[in-house]
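A short write-up of the structure that comes next.
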Amino acid sequence: MNALVGHLATLLALLLAGVGAAAAFVGGRRGDARYITGAQRAGIAVFVLVALAFLIMERALITHDFSVSYVAQVGSRETPLFYTVISLWSALEGSILLWALVLSIYTALLVRWSRRRADPTGDAQLPYALGTLLCVNVFFLLLISWPANPFRLMSPVPADGPGPNALLQNSPFMGVHPPLLYTGYVGMSVPFALATGALLAGRLNPDWTKVIRRWTLVPWTFLSLGILAGAWWSYEVLGWGGYWAWDPVENASFMPWLTATAFLHSVMVQERRGMLKTWTITLIVATFLLTVLGTFLTRSGVLASVHAFTQSAIGPFFLTFLGLVLLGSLALLAWRSEALRSEGRFDAALSRETAFMLNNLLFAAFAFVVLLGTMFPLIAEAIRGVRVSVGGPYFSEMSVPIALLLIFLAGVGPALPWRKGSLELLRGKFRWPTMAALGTAVILAAAGVRAPLALLAFALAAFSFGLLAAEFIGPTRVRRRTTGEAGPLALWRVVAGNRRRYGGYIVHAGILVVAVGVTGSATFRREQEWNVGRGAAVQFGRYQIQFDSVWAVSESNRDGVIAATTVSAGGRLLTRLSPRLNYYPTSMEPIGTPAVRESLREDLYLVLLAYAADGSHATIKAIASPLVGWIWLGGGIVALGAVFSLWRGAAARQPRPAPVPGAGERPGAGRSRAVTEARA
Amino acid sequence: MKWQRWAIPVSGVPVLALLAWGLTRDARTVPSPLPGKPAPGFALQTLAGDSLRLRDLQGQVVLVNFWASWCLACRAEHRVLLDAARRYQHQGLRIVGVVYNDSRDNARAWIAERGGDWPNVLDVGSHTAIQYGLFGVPETFFIGRDGRLVYKQIGPLDDGVVEQWVPRLLAGTPDGMGAPTTAEHVTEGRSPGHVRISPDFPTAGGTVRRQ
């Protein structure tokens with residue numbers, strides 16, 4: 001029953017998405033409101049049907065309806081309820097169902113927003129954009145209706161299933177990371193649709209650019225959080241003490257982030273000066289293409305990836321879709337590039353435009369470097385017939401210089417004025433930050449930090465941080481002088497008066513904090529391994545780690561072995577850490593859960609590698625990761641800044657619309673606000 | 001000017017062609033020149049202190065299993081080897097463990113704890129591992145009666161792989177066509193000279209980063 005209704009819902013959604021797309025294009029071309037309204041209704045109906053299919057799948061999972069193929073694949077009666085719920089995205093078919101759901105939510109939001117926007121007939125961009133988005137819907141619905149159908153009927157019906165992949169039931173973070181990432185990743189379809197709409201309609205006015213920017217900022221924020229949540233998950237669960245390995249799937253999420261970030265910057269130049277139009281649109285198209293390419297690369301078996309989705313038949317489908325989008329959008333760009341001529345031109349080498357240009361070049365180069373490294377195994381095999389793998393060293397070597405320059409620009413860019421800057425102005429602005437940078441370098445060197453690149457990174461971060469701080473302090477001072485307000489109030493007024501700008505600066509500060517965390521943890525990580533007898537202690541840097549005991553626990557879905565340790569430093573008890581090994585029926589190897597003592601200065605990370613059956617010995621690995629906590633902290637600041645910049649002040653806020661269906665949770669509030677604002 | 005504009009979309013074609021070609025490949029296979037060739041010989045000391053030469057086992061079916069006590073995947077794999085030994089040793093299967101990058105004491109303690117009566121040799125200096133082109137541990141090489149290397153498993157063995165190869169090698173007539181001398185026989189429908197990595201393949205250094 002579940003299988004039948006679920007499959008019917010997806011088929012019907014597929015049909016409606018197709019019809020809706022056609023209606024949107026016809027309506028846009030003829031300027032016929034009836035077609036456009038029809039397309040909008042189809043968009044809402046697609047959302048309702050996909051949400052229904054999603055709920056049916058959840059119900060089948062929770063009630064252990066093993067007649068549904070996907071449940072038979074990932075379900076198990078022993079899995080705890082929470083992991084059963086999130087097992088929906090633990091394998092290929094379900095993950096595409098989640099993808100379709102997120103996409104249909106965005107589609108419904110776009111419909112809602114465009115209904116409020118204006119007379120639909122006067123604005124061909126809107127129906128074209130909706131039509132494009134519905135076409136993307138058609139593709140993903142086609143996948144779940146046919147080659148990746150999760151609703152196939154099982155016969156005979158199995159009594160029980162294997163449960164989700166062991167790694168995915170090892171941490172609750174699996175409930176957060178994929179939805180966040182998908183909300184970001186899939187959300188890039190909307191700016192793509194809007195840009196395509198503009199290209200098809202042949203006009204790109206500043207107002208539309210602003211709209212695209214807002215619809216990009218929302219998924220960008222989710223993508224940033226999703227990437228960081230993935231890094232955190234990898235750190236907290238996998239037991240290797242790292243958070244990023246330049247794996248194809250990680251790269252697949254990082255590349256669109258890079259191009260989207262470049263877009264968010266170049267779009268400001270376009271808004272302000274009417275320049276870089278083609279480039280800006282290219283970035284948006286590239287972002288979407290990279291999301292499709294990334295999904296293709298990692299789900300078709302073309303590249304060996306650690307995130308191994310089972311190989312399936314969707315490869316050729318994805319390739320066809322990628323081909324259509326790639327050739328179609330490039331042809332569209334070529335066709336319309338005349339209409340996107342620049343209005344302004346560069347006035348001076350020393351201006352914010354130049355900083356943005358440089359920023360864009362760096363982000364594009366970064367994306368290219370990552371793309372090349374990701375694709376290189378394929379290229380090398382095609383040309384020379386040799387299988388190679390591209391490892392961390394390539395990516396690190398290529399990305400460090402780019403990252404250093406970006407850290408520098410994160411502060412310098414905001415400090416430069418538009419059009420033309422003067423050296424005198426800069427000299428004044430740079431004085432204190434330069435001293436902060438030098439001070440940081442000297443203090444760290446005196447404290448024994450010898451790695452030159454790390455010193456440079458910390459100094460540059462201090463420099464940029466100083467410049468950013470000056471952007472807050474300067475105007476606050478002026479305001480205090482003119483209004484006599486108290487310091488904090490004046491600061492709030494200044495910041496709240498230009499949320500978009502200061503939100504951006506907060507994001508920059510967050511990125512700097514992340515950069516400091518990455519530099520510290522990548523440069524100064526230490527690790528050691530011991531075989532310790534019960535009651536004995538080992539020295540690791542300033543820590544003394546004592547192995548107290550080891551015991552076993554049995555849970556419904558797994559068995560675990562836990563080692564108890566006491567960590568002290570200088571004779572003072574710091575904490576008790578209990579790393580464990582978990583045994584899942586589906587996994588040949590045990591899966592570790594490291595125990596981490598987190599602090600802003602340094603994380604102490606313990607992994608239980610092995611133990612003697614009688615509990616007399618254990619092999620324990622300790623990793624010290626300085627500053628790694630800054631990465632998560634920085635991620636929080638980035639999110640804060642992004643939400644802040646999307647948030648209109650109370651005075652400017654319009655009456656808020658009723659909550660959007662399917663967007664009830666907190667992040668959704670940000671999104672609907674974006675909608676409200678974009679309308680304004 | 002016109003044609004230049006259209007150069008951009010056309011540039012997408014080779015990218016797509018590359019990806020389409022990539023679809024026809026199996027990314028999990030790793031090229032190896034070894035299958036089909038005579039297995040590299042070695043003479044190493046066993047954990048018990050005797051000397052063992054691979055050449056002395058010529059004419060028998062041999063599994064050369066590289067492992068280490070620090071390797072977690074090897075622990076899980078050990079059960080498969082024990083089963084294989086129990087079922088096939090009396091039919092003439094010989095298992096040789098090669099201890100990779102590990103100490104004699106650790107290896108001895110490991111075997112004492114887990115059992116297994118087949119010889120284990122110490123690969124001091126990892127020369128044998130280099131000759132076999134080892135990626136990491138565990139890796140297992142299947143050698144036929146004619147001394148040729150037939151199949152290479154990267155990552156832990158499972159019962160399926162053992163069942164697929166050992167009975168046929170013991171019978172000496174894989175596919176009923178005599179000893180497997182060409183790589184095509186070896187790789188079960190995959191491209192010649194390729195071996196398959198098991199998805200549980202751990203990364204180097206013994207760190208468990210199961211993916």
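Letters A, B, ... mark the chains of the structure tokens in the order given; residue numbers begin at 1 per chain; ligand numbers begin at 1, in order shown.
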
(message) If you run DSSP on the backbone here, which positions in range 27-171 of chain B get alpha helix (DSSP H)? Please write them as an NGL selection string.
(response) :B and (72-88 or 104-114 or 127-131 or 159-171)

(request) For Arg87 in chain B, please output as a VMD selection string all residues within 12 Å (counting only C-alpha atoms; exclusion window: fewer than 2 positions along the same chain). (result) chain B and resid 80 to 85 89 to 94 159 162 to 163 166 to 167 170

Requested write-out: N, CA and C atoms of the selected residues, as a compact mmCIF listing (two decimals), in the first residue's frame:
```txt
# COMPACT_ATOMS: atom_id res chain seq x y z
N VAL B 80 37.59 -15.01 8.45
CA VAL B 80 37.45 -15.55 7.10
C VAL B 80 38.60 -16.50 6.80
N LEU B 81 39.82 -16.09 7.22
CA LEU B 81 40.98 -16.94 6.97
C LEU B 81 40.87 -18.24 7.77
N LEU B 82 40.40 -18.11 9.03
CA LEU B 82 40.24 -19.32 9.85
C LEU B 82 39.27 -20.29 9.19
N ASP B 83 38.18 -19.74 8.68
CA ASP B 83 37.18 -20.58 8.00
C ASP B 83 37.78 -21.24 6.77
N ALA B 84 38.51 -20.45 5.99
CA ALA B 84 39.11 -20.98 4.77
C ALA B 84 40.08 -22.10 5.12
N ALA B 85 40.85 -21.89 6.19
CA ALA B 85 41.81 -22.92 6.60
C ALA B 85 41.08 -24.19 7.01
N GLN B 89 42.18 -26.50 4.04
CA GLN B 89 43.57 -26.89 4.26
C GLN B 89 43.78 -28.38 3.97
N HIS B 90 42.80 -29.20 4.34
CA HIS B 90 42.98 -30.63 4.11
C HIS B 90 42.91 -30.97 2.63
N GLN B 91 42.36 -30.04 1.83
CA GLN B 91 42.34 -30.28 0.38
C GLN B 91 43.60 -29.75 -0.29
N GLY B 92 44.47 -29.15 0.51
CA GLY B 92 45.75 -28.70 -0.06
C GLY B 92 45.94 -27.20 -0.12
N LEU B 93 45.02 -26.43 0.43
CA LEU B 93 45.22 -24.98 0.43
C LEU B 93 46.30 -24.61 1.44
N ARG B 94 47.24 -23.76 1.04
CA ARG B 94 48.25 -23.27 1.96
C ARG B 94 48.05 -21.77 2.17
N ASP B 159 33.95 -14.17 2.73
CA ASP B 159 33.73 -15.57 2.38
C ASP B 159 33.46 -15.73 0.89
N VAL B 162 36.63 -15.96 -1.16
CA VAL B 162 37.28 -17.26 -0.93
C VAL B 162 36.55 -18.35 -1.70
N GLU B 163 35.22 -18.34 -1.58
CA GLU B 163 34.41 -19.36 -2.25
C GLU B 163 34.53 -19.27 -3.76
N VAL B 166 38.96 -20.22 -4.32
CA VAL B 166 39.73 -21.34 -3.79
C VAL B 166 39.30 -22.69 -4.38
N PRO B 167 37.99 -23.01 -4.41
CA PRO B 167 37.63 -24.33 -4.95
C PRO B 167 38.10 -24.52 -6.39
N LEU B 170 41.81 -25.04 -6.44
CA LEU B 170 42.16 -26.37 -5.94
C LEU B 170 41.89 -27.42 -7.01
```

(request) At a cut-off of 9 Å, list the chain A residues touching chain B, using only C-alpha atoms, as a PyMOL selection string. (result) chain A and resi 167+238-240+297+300-308+315-316+319-320+322-323+326-335+337+378-379+381-382+386-387+588-592+609-610+612-613

(message) Need the shell around Trp165 in chain B: protein/DNA/RNA residues with any atom at most 9 Å away, counting only C-alpha atoms. Skip same-chain ones fewer than 5 positions apart. Format as a ChimeraX atom specification?
(response) /B:142,150-151,160,170,174

(message) Among range 7-166 of chain B, which residues does DSSP mark as strand (DSSP E) when it is run on the backbone? Keep the chain and numbering as in the structure and answer as a VMD selection string.
(response) chain B and resid 29 to 31 43 to 45 51 to 53 61 to 67 93 to 99 120 to 122 139 to 143 149 to 154

(message) Using Å and a single decimal, report how far CA of Ile143 in chain B sits from CA of Asn120 in chain B.
(response)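 So the two atoms, CA of Asn120 in chain B and CA of Ile143 in chain B, lie 16.4 Å apart.
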
(request) Considering only C-alpha atoms, state which residue in the set B:Arg79, B:Arg145, B:Lys152, B:Arg114 is at the smallest distance from Phe66 in chain B. (result)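 Looking at the shortest contact to Phe66 in chain B, the residue is B:Lys152.
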
(message) Give me, as an MDAnalysis selection string, all polymer residues having an atom no more than 12 Å from Ser521 in chain A, counting only C-alpha atoms and skipping those fewer than 6 positions away in the same chain.
(response) chainID A and resid 235 241:244 454 514:515 527 600:604 623:631

Write the residues you've just listed into a file as a PDB file, in the first residue's frame, and include C-alpha atoms for each of them.
```
ATOM      1  CA  TYR A 235      35.861  14.879  13.248  1.00  0.00           C
ATOM      2  CA  GLY A 241      41.028  13.397  14.287  1.00  0.00           C
ATOM      3  CA  GLY A 242      40.649  15.289  11.027  1.00  0.00           C
ATOM      4  CA  TYR A 243      37.736  17.095   9.493  1.00  0.00           C
ATOM      5  CA  TRP A 244      38.577  17.465   5.822  1.00  0.00           C
ATOM      6  CA  ALA A 454      51.228  29.534  10.114  1.00  0.00           C
ATOM      7  CA  VAL A 514      37.667  29.450  10.684  1.00  0.00           C
ATOM      8  CA  ALA A 515      40.957  30.189   8.918  1.00  0.00           C
ATOM      9  CA  GLU A 527      49.408  12.347  17.768  1.00  0.00           C
ATOM     10  CA  LEU A 600      39.200  26.822  22.363  1.00  0.00           C
ATOM     11  CA  ARG A 601      42.914  26.397  22.933  1.00  0.00           C
ATOM     12  CA  GLU A 602      43.282  22.753  22.044  1.00  0.00           C
ATOM     13  CA  ASP A 603      41.198  19.621  21.687  1.00  0.00           C
ATOM     14  CA  LEU A 604      42.371  16.396  23.250  1.00  0.00           C
ATOM     15  CA  ILE A 623      45.526  13.469  19.090  1.00  0.00           C
ATOM     16  CA  ALA A 624      46.044  17.045  20.184  1.00  0.00           C
ATOM     17  CA  SER A 625      44.482  19.522  17.780  1.00  0.00           C
ATOM     18  CA  PRO A 626      45.161  23.134  18.677  1.00  0.00           C
ATOM     19  CA  LEU A 627      42.495  25.686  17.791  1.00  0.00           C
ATOM     20  CA  VAL A 628      40.246  23.181  16.031  1.00  0.00           C
ATOM     21  CA  GLY A 629      37.297  24.506  18.052  1.00  0.00           C
ATOM     22  CA  TRP A 630      37.712  27.843  16.287  1.00  0.00           C
ATOM     23  CA  ILE A 631      36.444  26.255  13.100  1.00  0.00           C
TER      24      ILE A 631
END
```

(request) Find the spatial neighbours of Leu52 in chain B, counting only C-alpha atoms, within a cut-off of 9 Å - ignore same-chain residues fewer than 6 positions away - and output them as a ChimeraX atom specification. (result) /B:42-46,119,121

Since we have the selection now, will you write its residues out, keeping C-alpha atoms, as a CSV table (one decimal), in the first residue's frame?
```csv
chain,number,residue,atom,x,y,z
B,42,PHE,CA,60.4,-14.7,-1.1
B,43,ALA,CA,62.4,-16.5,1.6
B,44,LEU,CA,61.5,-15.1,5.0
B,45,GLN,CA,61.7,-16.1,8.6
B,46,THR,CA,58.5,-17.3,10.3
B,119,PRO,CA,52.9,-20.0,9.0
B,121,VAL,CA,56.6,-14.7,8.1
```
